[in-house]
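To be precise, the following lines are query.txt, and they hold compact mmCIF, N, CA and C atoms.
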```txt
# COMPACT_ATOMS: atom_id res chain seq x y z
N MET S 96 231.38 -106.05 93.40
CA MET S 96 230.50 -105.36 94.30
C MET S 96 230.23 -106.25 95.51
N THR S 97 230.30 -105.69 96.69
CA THR S 97 230.03 -106.43 97.92
C THR S 97 228.53 -106.44 98.18
N GLN S 98 227.99 -107.60 98.50
CA GLN S 98 226.57 -107.72 98.81
C GLN S 98 226.37 -107.62 100.31
N ASN S 99 225.41 -106.82 100.73
CA ASN S 99 225.07 -106.69 102.14
C ASN S 99 224.06 -107.78 102.47
N ALA S 100 224.29 -108.52 103.54
CA ALA S 100 223.40 -109.62 103.92
C ALA S 100 222.03 -109.14 104.39
N ASP S 101 221.94 -107.89 104.81
CA ASP S 101 220.67 -107.34 105.29
C ASP S 101 220.01 -106.58 104.16
N PRO S 102 218.91 -107.14 103.56
CA PRO S 102 218.30 -106.47 102.41
C PRO S 102 217.72 -105.10 102.73
N ASP S 103 217.42 -104.83 103.98
CA ASP S 103 216.89 -103.53 104.34
C ASP S 103 217.98 -102.46 104.43
N ARG S 104 219.22 -102.88 104.35
CA ARG S 104 220.34 -101.95 104.44
C ARG S 104 221.09 -101.84 103.12
N ARG S 105 220.49 -102.34 102.03
CA ARG S 105 221.16 -102.26 100.74
C ARG S 105 221.26 -100.81 100.29
N ASP S 106 222.16 -100.57 99.39
CA ASP S 106 222.34 -99.23 98.83
C ASP S 106 221.08 -98.84 98.08
N ARG S 107 220.34 -97.88 98.61
CA ARG S 107 219.07 -97.46 98.00
C ARG S 107 219.28 -96.77 96.66
N GLY S 108 220.52 -96.39 96.34
CA GLY S 108 220.79 -95.78 95.06
C GLY S 108 220.90 -96.80 93.93
N THR S 109 221.04 -98.06 94.30
CA THR S 109 221.15 -99.13 93.31
C THR S 109 219.75 -99.68 93.04
N PRO S 110 219.31 -99.66 91.77
CA PRO S 110 217.97 -100.17 91.47
C PRO S 110 217.87 -101.68 91.71
N GLU S 111 216.72 -102.10 92.18
CA GLU S 111 216.48 -103.53 92.36
C GLU S 111 216.32 -104.18 90.99
N THR S 112 216.89 -105.36 90.84
CA THR S 112 216.72 -106.09 89.59
C THR S 112 215.72 -107.22 89.75
N LEU S 113 215.37 -107.52 90.98
CA LEU S 113 214.41 -108.59 91.26
C LEU S 113 213.68 -108.24 92.55
N ARG S 114 212.36 -108.30 92.53
CA ARG S 114 211.56 -108.06 93.73
C ARG S 114 210.54 -109.20 93.82
N LEU S 115 210.66 -110.02 94.84
CA LEU S 115 209.78 -111.18 95.02
C LEU S 115 208.71 -110.89 96.06
N GLN S 116 207.55 -111.52 95.89
CA GLN S 116 206.51 -111.47 96.92
C GLN S 116 206.54 -112.74 97.75
N SER S 117 207.02 -113.81 97.18
CA SER S 117 207.17 -115.06 97.93
C SER S 117 208.13 -115.96 97.15
N ILE S 118 208.53 -117.02 97.80
CA ILE S 118 209.36 -118.04 97.16
C ILE S 118 208.89 -119.38 97.67
N SER S 119 208.83 -120.36 96.81
CA SER S 119 208.35 -121.69 97.19
C SER S 119 209.43 -122.72 96.89
N VAL S 120 209.29 -123.85 97.51
CA VAL S 120 210.24 -124.93 97.29
C VAL S 120 209.50 -126.12 96.67
N ALA S 121 210.20 -126.80 95.77
CA ALA S 121 209.68 -128.04 95.18
C ALA S 121 210.82 -129.06 95.24
N ILE S 122 210.52 -130.23 95.79
CA ILE S 122 211.55 -131.26 95.90
C ILE S 122 211.05 -132.55 95.24
N THR S 123 212.00 -133.34 94.79
CA THR S 123 211.70 -134.64 94.20
C THR S 123 212.01 -135.71 95.23
N VAL S 124 211.08 -136.64 95.40
CA VAL S 124 211.20 -137.66 96.44
C VAL S 124 211.21 -139.06 95.83
N ASP S 125 211.71 -140.02 96.60
CA ASP S 125 211.78 -141.40 96.13
C ASP S 125 210.44 -142.12 96.21
N ASP S 126 209.63 -141.81 97.23
CA ASP S 126 208.34 -142.47 97.41
C ASP S 126 207.31 -141.43 97.83
N ILE S 127 206.49 -141.01 96.89
CA ILE S 127 205.55 -139.91 97.12
C ILE S 127 204.59 -140.21 98.27
N GLN S 128 204.12 -141.45 98.40
CA GLN S 128 203.17 -141.78 99.47
C GLN S 128 203.83 -141.68 100.85
N THR S 129 205.07 -142.16 100.95
CA THR S 129 205.80 -142.06 102.21
C THR S 129 206.01 -140.59 102.58
N SER S 130 206.39 -139.79 101.60
CA SER S 130 206.62 -138.36 101.86
C SER S 130 205.34 -137.63 102.21
N LEU S 131 204.25 -137.96 101.52
CA LEU S 131 202.96 -137.34 101.85
C LEU S 131 202.57 -137.63 103.30
N ARG S 132 202.71 -138.88 103.70
CA ARG S 132 202.38 -139.24 105.09
C ARG S 132 203.26 -138.48 106.06
N TRP S 133 204.54 -138.40 105.78
CA TRP S 133 205.47 -137.74 106.70
C TRP S 133 205.18 -136.25 106.80
N TYR S 134 205.08 -135.57 105.65
CA TYR S 134 204.85 -134.12 105.68
C TYR S 134 203.48 -133.76 106.26
N CYS S 135 202.46 -134.56 105.98
CA CYS S 135 201.11 -134.23 106.48
C CYS S 135 200.86 -134.80 107.86
N ASP S 136 201.08 -136.09 108.05
CA ASP S 136 200.70 -136.75 109.30
C ASP S 136 201.70 -136.50 110.43
N VAL S 137 202.96 -136.25 110.11
CA VAL S 137 203.98 -136.05 111.14
C VAL S 137 204.30 -134.57 111.33
N VAL S 138 204.65 -133.89 110.25
CA VAL S 138 205.09 -132.49 110.37
C VAL S 138 203.91 -131.54 110.56
N GLY S 139 202.81 -131.77 109.85
CA GLY S 139 201.64 -130.93 110.04
C GLY S 139 201.21 -130.12 108.83
N PHE S 140 201.82 -130.37 107.67
CA PHE S 140 201.33 -129.72 106.44
C PHE S 140 199.94 -130.25 106.12
N HIS S 141 199.22 -129.52 105.28
CA HIS S 141 197.92 -129.96 104.78
C HIS S 141 198.03 -130.18 103.28
N LEU S 142 197.38 -131.23 102.81
CA LEU S 142 197.37 -131.54 101.39
C LEU S 142 196.45 -130.56 100.67
N GLU S 143 197.00 -129.78 99.76
CA GLU S 143 196.19 -128.82 99.00
C GLU S 143 195.67 -129.47 97.72
N GLU S 144 196.56 -130.18 97.01
CA GLU S 144 196.17 -130.74 95.73
C GLU S 144 197.16 -131.84 95.35
N THR S 145 196.67 -132.86 94.67
CA THR S 145 197.56 -133.87 94.12
C THR S 145 197.55 -133.76 92.60
N TYR S 146 198.65 -134.19 92.00
CA TYR S 146 198.80 -134.18 90.55
C TYR S 146 199.01 -135.63 90.11
N GLU S 147 198.14 -136.09 89.23
CA GLU S 147 198.20 -137.48 88.78
C GLU S 147 198.65 -137.58 87.35
N HIS S 148 199.26 -138.72 87.05
CA HIS S 148 199.65 -139.08 85.69
C HIS S 148 199.31 -140.55 85.51
N GLU S 149 198.48 -140.82 84.55
CA GLU S 149 198.04 -142.20 84.26
C GLU S 149 197.49 -142.88 85.51
N GLY S 150 196.70 -142.14 86.28
CA GLY S 150 196.02 -142.69 87.44
C GLY S 150 196.85 -142.81 88.70
N GLU S 151 198.11 -142.38 88.66
CA GLU S 151 198.98 -142.45 89.84
C GLU S 151 199.32 -141.04 90.31
N VAL S 152 199.35 -140.86 91.64
CA VAL S 152 199.78 -139.58 92.21
C VAL S 152 201.27 -139.44 91.93
N ARG S 153 201.62 -138.37 91.23
CA ARG S 153 203.02 -138.11 90.87
C ARG S 153 203.54 -136.85 91.54
N GLY S 154 202.64 -136.07 92.15
CA GLY S 154 203.06 -134.86 92.82
C GLY S 154 201.96 -134.35 93.73
N ALA S 155 202.33 -133.41 94.59
CA ALA S 155 201.35 -132.84 95.51
C ALA S 155 201.80 -131.46 95.94
N SER S 156 200.81 -130.61 96.17
CA SER S 156 201.03 -129.30 96.73
C SER S 156 200.59 -129.35 98.19
N LEU S 157 201.50 -128.96 99.08
CA LEU S 157 201.24 -128.98 100.51
C LEU S 157 201.24 -127.55 101.02
N VAL S 158 200.43 -127.26 102.00
CA VAL S 158 200.38 -125.92 102.58
C VAL S 158 200.49 -125.98 104.10
N ALA S 159 201.08 -124.92 104.63
CA ALA S 159 201.14 -124.69 106.08
C ALA S 159 200.98 -123.20 106.25
N GLY S 160 199.86 -122.78 106.83
CA GLY S 160 199.58 -121.35 106.87
C GLY S 160 199.40 -120.85 105.45
N ALA S 161 200.08 -119.79 105.11
CA ALA S 161 199.98 -119.22 103.76
C ALA S 161 201.11 -119.69 102.84
N GLN S 162 201.93 -120.64 103.32
CA GLN S 162 203.09 -121.07 102.54
C GLN S 162 202.85 -122.43 101.88
N ARG S 163 203.46 -122.59 100.72
CA ARG S 163 203.24 -123.78 99.91
C ARG S 163 204.57 -124.49 99.62
N MET S 164 204.49 -125.80 99.53
CA MET S 164 205.63 -126.64 99.18
C MET S 164 205.11 -127.70 98.22
N VAL S 165 205.90 -128.03 97.22
CA VAL S 165 205.51 -129.05 96.26
C VAL S 165 206.48 -130.23 96.35
N ILE S 166 205.92 -131.43 96.36
CA ILE S 166 206.76 -132.63 96.28
C ILE S 166 206.34 -133.40 95.04
N SER S 167 207.31 -134.03 94.40
CA SER S 167 207.00 -134.83 93.21
C SER S 167 207.78 -136.13 93.23
N GLN S 168 207.20 -137.13 92.63
CA GLN S 168 207.80 -138.46 92.57
C GLN S 168 208.95 -138.45 91.57
N ASP S 169 210.12 -138.90 92.01
CA ASP S 169 211.25 -139.05 91.10
C ASP S 169 210.89 -140.14 90.09
N ASP S 170 211.03 -139.83 88.81
CA ASP S 170 210.68 -140.81 87.78
C ASP S 170 211.83 -141.75 87.43
N GLY S 171 212.99 -141.54 88.02
CA GLY S 171 214.14 -142.42 87.78
C GLY S 171 214.86 -142.15 86.48
N ALA S 172 214.40 -141.19 85.70
CA ALA S 172 215.00 -140.92 84.39
C ALA S 172 216.47 -140.49 84.49
N LYS S 173 216.85 -139.92 85.62
CA LYS S 173 218.23 -139.47 85.80
C LYS S 173 219.04 -140.44 86.66
N GLY S 174 218.55 -141.65 86.78
CA GLY S 174 219.24 -142.66 87.58
C GLY S 174 218.89 -142.52 89.05
N ASP S 175 219.62 -143.24 89.86
CA ASP S 175 219.39 -143.24 91.31
C ASP S 175 220.08 -142.02 91.90
N ARG S 176 219.33 -140.95 92.14
CA ARG S 176 219.90 -139.71 92.65
C ARG S 176 219.82 -139.65 94.17
N VAL S 177 220.88 -139.20 94.79
CA VAL S 177 220.89 -138.98 96.22
C VAL S 177 220.12 -137.70 96.49
N LYS S 178 219.20 -137.77 97.43
CA LYS S 178 218.35 -136.62 97.75
C LYS S 178 218.89 -135.88 98.99
N GLY S 179 218.56 -134.62 99.08
CA GLY S 179 218.76 -133.86 100.30
C GLY S 179 220.16 -133.39 100.62
N GLN S 180 221.14 -133.69 99.80
CA GLN S 180 222.50 -133.26 100.12
C GLN S 180 222.71 -131.82 99.71
N GLY S 181 223.35 -131.06 100.58
CA GLY S 181 223.68 -129.68 100.27
C GLY S 181 222.47 -128.76 100.20
N PHE S 182 221.41 -129.13 100.89
CA PHE S 182 220.17 -128.38 100.78
C PHE S 182 219.44 -128.43 102.11
N ARG S 183 218.99 -127.29 102.60
CA ARG S 183 218.22 -127.23 103.84
C ARG S 183 217.02 -126.34 103.60
N ILE S 184 215.88 -126.72 104.12
CA ILE S 184 214.66 -125.95 104.00
C ILE S 184 214.41 -125.27 105.34
N TYR S 185 214.35 -123.94 105.32
CA TYR S 185 214.09 -123.17 106.53
C TYR S 185 212.63 -122.78 106.56
N LEU S 186 211.95 -123.08 107.67
CA LEU S 186 210.54 -122.75 107.84
C LEU S 186 210.41 -121.89 109.09
N LYS S 187 209.92 -120.68 108.92
CA LYS S 187 209.71 -119.79 110.07
C LYS S 187 208.26 -119.90 110.48
N ALA S 188 208.05 -120.34 111.71
CA ALA S 188 206.69 -120.57 112.23
C ALA S 188 206.17 -119.35 112.97
N SER S 189 204.87 -119.16 112.88
CA SER S 189 204.24 -118.09 113.66
C SER S 189 203.63 -118.66 114.94
N THR S 190 203.84 -119.94 115.16
CA THR S 190 203.35 -120.62 116.36
C THR S 190 204.54 -120.99 117.24
N ASP S 191 204.25 -121.40 118.45
CA ASP S 191 205.27 -121.78 119.43
C ASP S 191 206.10 -122.96 118.92
N VAL S 192 207.39 -122.73 118.74
CA VAL S 192 208.28 -123.76 118.19
C VAL S 192 208.34 -124.99 119.09
N ASP S 193 208.36 -124.79 120.39
CA ASP S 193 208.40 -125.94 121.30
C ASP S 193 207.13 -126.77 121.15
N GLY S 194 205.99 -126.10 120.97
CA GLY S 194 204.73 -126.81 120.75
C GLY S 194 204.72 -127.57 119.44
N VAL S 195 205.28 -126.97 118.40
CA VAL S 195 205.37 -127.63 117.10
C VAL S 195 206.25 -128.88 117.22
N ALA S 196 207.39 -128.75 117.88
CA ALA S 196 208.30 -129.88 118.06
C ALA S 196 207.63 -131.00 118.86
N ALA S 197 206.94 -130.64 119.93
CA ALA S 197 206.25 -131.64 120.75
C ALA S 197 205.17 -132.35 119.94
N ALA S 198 204.43 -131.60 119.12
CA ALA S 198 203.37 -132.22 118.30
C ALA S 198 203.97 -133.18 117.28
N ILE S 199 205.10 -132.81 116.69
CA ILE S 199 205.76 -133.70 115.73
C ILE S 199 206.17 -134.99 116.43
N LYS S 200 206.75 -134.88 117.62
CA LYS S 200 207.14 -136.09 118.36
C LYS S 200 205.92 -136.91 118.76
N ASP S 201 204.83 -136.24 119.16
CA ASP S 201 203.60 -136.95 119.52
C ASP S 201 203.03 -137.74 118.35
N ARG S 202 203.27 -137.25 117.13
CA ARG S 202 202.77 -137.92 115.93
C ARG S 202 203.77 -138.93 115.37
N GLY S 203 204.82 -139.23 116.14
CA GLY S 203 205.78 -140.25 115.75
C GLY S 203 207.02 -139.74 115.05
N GLY S 204 207.16 -138.43 114.95
CA GLY S 204 208.34 -137.88 114.29
C GLY S 204 209.55 -137.90 115.21
N VAL S 205 210.71 -137.86 114.58
CA VAL S 205 211.98 -137.84 115.30
C VAL S 205 212.70 -136.55 114.95
N LEU S 206 213.08 -135.79 115.96
CA LEU S 206 213.81 -134.55 115.73
C LEU S 206 215.30 -134.84 115.61
N ALA S 207 215.97 -134.14 114.71
CA ALA S 207 217.43 -134.25 114.60
C ALA S 207 218.08 -133.47 115.74
N THR S 208 217.45 -132.35 116.13
CA THR S 208 217.88 -131.58 117.29
C THR S 208 216.64 -131.06 118.00
N GLU S 209 216.74 -130.93 119.29
CA GLU S 209 215.65 -130.37 120.10
C GLU S 209 215.60 -128.86 119.93
N PRO S 210 214.48 -128.22 120.25
CA PRO S 210 214.41 -126.77 120.19
C PRO S 210 215.50 -126.13 121.06
N THR S 211 216.18 -125.15 120.47
CA THR S 211 217.31 -124.49 121.11
C THR S 211 217.25 -123.01 120.81
N ASP S 212 217.64 -122.19 121.79
CA ASP S 212 217.76 -120.75 121.56
C ASP S 212 219.03 -120.50 120.76
N MET S 213 218.90 -119.80 119.64
CA MET S 213 220.02 -119.50 118.77
C MET S 213 220.65 -118.16 119.17
N PRO S 214 221.92 -117.97 118.90
CA PRO S 214 222.60 -116.71 119.27
C PRO S 214 221.97 -115.47 118.63
N TRP S 215 221.30 -115.62 117.50
CA TRP S 215 220.70 -114.47 116.81
C TRP S 215 219.26 -114.21 117.27
N GLY S 216 218.80 -114.94 118.29
CA GLY S 216 217.51 -114.65 118.89
C GLY S 216 216.38 -115.59 118.54
N ALA S 217 216.54 -116.40 117.53
CA ALA S 217 215.49 -117.35 117.15
C ALA S 217 215.55 -118.57 118.06
N ARG S 218 214.47 -119.32 118.08
CA ARG S 218 214.44 -120.63 118.73
C ARG S 218 214.16 -121.61 117.60
N ALA S 219 214.94 -122.68 117.49
CA ALA S 219 214.84 -123.56 116.33
C ALA S 219 215.12 -125.01 116.68
N PHE S 220 214.59 -125.89 115.82
CA PHE S 220 214.93 -127.31 115.89
C PHE S 220 215.03 -127.83 114.46
N ASN S 221 215.64 -129.01 114.34
CA ASN S 221 215.88 -129.61 113.03
C ASN S 221 215.26 -130.99 112.94
N LEU S 222 214.87 -131.35 111.73
CA LEU S 222 214.42 -132.70 111.45
C LEU S 222 214.81 -133.04 110.02
N VAL S 223 214.77 -134.33 109.70
CA VAL S 223 215.18 -134.82 108.39
C VAL S 223 214.05 -135.63 107.81
N ASP S 224 213.68 -135.33 106.56
CA ASP S 224 212.56 -136.05 105.93
C ASP S 224 213.01 -137.43 105.45
N PRO S 225 212.09 -138.26 104.97
CA PRO S 225 212.44 -139.63 104.57
C PRO S 225 213.50 -139.73 103.47
N ASP S 226 213.70 -138.66 102.70
CA ASP S 226 214.70 -138.67 101.63
C ASP S 226 216.00 -137.99 102.01
N GLY S 227 216.09 -137.51 103.24
CA GLY S 227 217.32 -136.87 103.70
C GLY S 227 217.32 -135.35 103.58
N PHE S 228 216.20 -134.75 103.15
CA PHE S 228 216.13 -133.29 103.12
C PHE S 228 216.08 -132.79 104.55
N GLN S 229 216.91 -131.80 104.85
CA GLN S 229 216.99 -131.25 106.19
C GLN S 229 216.07 -130.04 106.31
N LEU S 230 215.31 -130.01 107.40
CA LEU S 230 214.40 -128.90 107.67
C LEU S 230 214.77 -128.26 109.00
N THR S 231 214.75 -126.95 109.05
CA THR S 231 214.90 -126.21 110.28
C THR S 231 213.62 -125.41 110.48
N ILE S 232 212.97 -125.63 111.61
CA ILE S 232 211.76 -124.87 111.96
C ILE S 232 212.13 -123.93 113.10
N SER S 233 211.87 -122.63 112.88
CA SER S 233 212.28 -121.63 113.87
C SER S 233 211.17 -120.65 114.16
N SER S 234 211.38 -119.88 115.23
CA SER S 234 210.44 -118.82 115.59
C SER S 234 210.93 -117.52 114.98
```
Have the structure of the file written as structure tokens, please.
Amino acid sequence: MTQNADPDRRDRGTPETLRLQSISVAITVDDIQTSLRWYCDVVGFHLEETYEHEGEVRGASLVAGAQRMVISQDDGAKGDRVKGQGFRIYLKASTDVDGVAAAIKDRGGVLATEPTDMPWGARAFNLVDPDGFQLTISS
């Protein structure tokens, strides 16, 4: 069966097998404190909650608008894992993308690409977190 990329144009005669209200991302990081500073102080997320184990922060829930992201400390149990390969996090902003990019740079962040008009109508820029996870923020 061929899948249509536009979910609003799917065959209405075919019953849905999955209907989501939202989807969240959770990533494992090498240094939770470094990642917390980067996501909150540079990108602009807000710390919603931290999760501790034996008195140490091992994870955190971050929010931006109504969206949530979870980061957790890699415990090393699976060895030294390379982070961020083959994975990109897309964030659609309801605010001015150029303003978001400028604020990130003002807070010491480095953009991988400057805001650019995309052929499909969005305006987007890219950045890379301390573990190599790639983020695209678009309008």
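Across the model, the gap from atom C of S:His141 to atom CA of S:Leu115 is 23.8 Å.
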* Asked: If you count only C-alpha atoms, which residues fall within 10 Å of S:Arg218, apart from same-chain ones fewer than 4 positions away, as a list in words?
  -> Lys187, Asp191, Val192, Asp193, Glu209, Pro210, Thr211, Asp212, Met213, Pro214, Ile232, Ser233 and Ser234 of chain S
Restricted to N, CA and C atoms, what would the selected residues look like written as an mmCIF file, in the frame of the given file?
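Produced file part00.cif, reproduced below:
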```cif
data_model
loop_
_atom_site.group_PDB
_atom_site.id
_atom_site.type_symbol
_atom_site.label_atom_id
_atom_site.label_comp_id
_atom_site.auth_asym_id
_atom_site.auth_seq_id
_atom_site.Cartn_x
_atom_site.Cartn_y
_atom_site.Cartn_z
ATOM 1 N N LYS S 187 209.920 -120.680 108.920
ATOM 2 C CA LYS S 187 209.710 -119.790 110.070
ATOM 3 C C LYS S 187 208.260 -119.900 110.480
ATOM 4 N N ASP S 191 204.250 -121.400 118.450
ATOM 5 C CA ASP S 191 205.270 -121.780 119.430
ATOM 6 C C ASP S 191 206.100 -122.960 118.920
ATOM 7 N N VAL S 192 207.390 -122.730 118.740
ATOM 8 C CA VAL S 192 208.280 -123.760 118.190
ATOM 9 C C VAL S 192 208.340 -124.990 119.090
ATOM 10 N N ASP S 193 208.360 -124.790 120.390
ATOM 11 C CA ASP S 193 208.400 -125.940 121.300
ATOM 12 C C ASP S 193 207.130 -126.770 121.150
ATOM 13 N N GLU S 209 216.740 -130.930 119.290
ATOM 14 C CA GLU S 209 215.650 -130.370 120.100
ATOM 15 C C GLU S 209 215.600 -128.860 119.930
ATOM 16 N N PRO S 210 214.480 -128.220 120.250
ATOM 17 C CA PRO S 210 214.410 -126.770 120.190
ATOM 18 C C PRO S 210 215.500 -126.130 121.060
ATOM 19 N N THR S 211 216.180 -125.150 120.470
ATOM 20 C CA THR S 211 217.310 -124.490 121.110
ATOM 21 C C THR S 211 217.250 -123.010 120.810
ATOM 22 N N ASP S 212 217.640 -122.190 121.790
ATOM 23 C CA ASP S 212 217.760 -120.750 121.560
ATOM 24 C C ASP S 212 219.030 -120.500 120.760
ATOM 25 N N MET S 213 218.900 -119.800 119.640
ATOM 26 C CA MET S 213 220.020 -119.500 118.770
ATOM 27 C C MET S 213 220.650 -118.160 119.170
ATOM 28 N N PRO S 214 221.920 -117.970 118.900
ATOM 29 C CA PRO S 214 222.600 -116.710 119.270
ATOM 30 C C PRO S 214 221.970 -115.470 118.630
ATOM 31 N N ILE S 232 212.970 -125.630 111.610
ATOM 32 C CA ILE S 232 211.760 -124.870 111.960
ATOM 33 C C ILE S 232 212.130 -123.930 113.100
ATOM 34 N N SER S 233 211.870 -122.630 112.880
ATOM 35 C CA SER S 233 212.280 -121.630 113.870
ATOM 36 C C SER S 233 211.170 -120.650 114.160
ATOM 37 N N SER S 234 211.380 -119.880 115.230
ATOM 38 C CA SER S 234 210.440 -118.820 115.590
ATOM 39 C C SER S 234 210.930 -117.520 114.980
#
```
* Find the residue from S:Phe220, S:Asp175, S:Glu149, S:Asp126 that sits nearest to S:Ile199; use only C-alpha atoms when measuring. => S:Phe220
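Of the residues under consideration (S:Tyr134, S:Thr123, S:Leu230, S:Phe140), S:Leu230 shows the shortest atom-to-atom contact distance to S:Tyr185 when counting only N, CA and C atoms.
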Find the smallest box with edges along x, y and z containing every listed atom of stretch 134-145 of chain S, then add 8 Å on each side and report centre and edge lengths in Å to one decimal, as lines of an AutoDock Vina configuration file.
```
center_x = 200.4
center_y = -132.8
center_z = 102.0
size_x = 25.4
size_y = 23.9
size_z = 34.7
```
* Identify, on the basis of only N, CA and C atoms, every residue whose closest approach to S:Thr129 does not exceed 8 Å; exclude the query and any residue fewer than 4 positions from it along the same chain; express the result as a PyMOL selection string. => chain S and resi 125+133-135+225-226
* For S:Ala207: contacts at 7 Å, only C-alpha atoms, fewer than 2 positions along chain excluded, given as a PyMOL selection string -> chain S and resi 205+209+221-223
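Taking all atoms listed in the file into account, S:Phe228 lies nearest to S:Ile184 out of the set S:Ile184, S:Lys200, S:Thr109, S:Gly194.
Of the residues under consideration (S:Ile118, S:Ile127, S:Ala219, S:Val138), S:Ile127 shows the shortest atom-to-atom contact distance to S:Ile166 when counting all atoms listed in the file.
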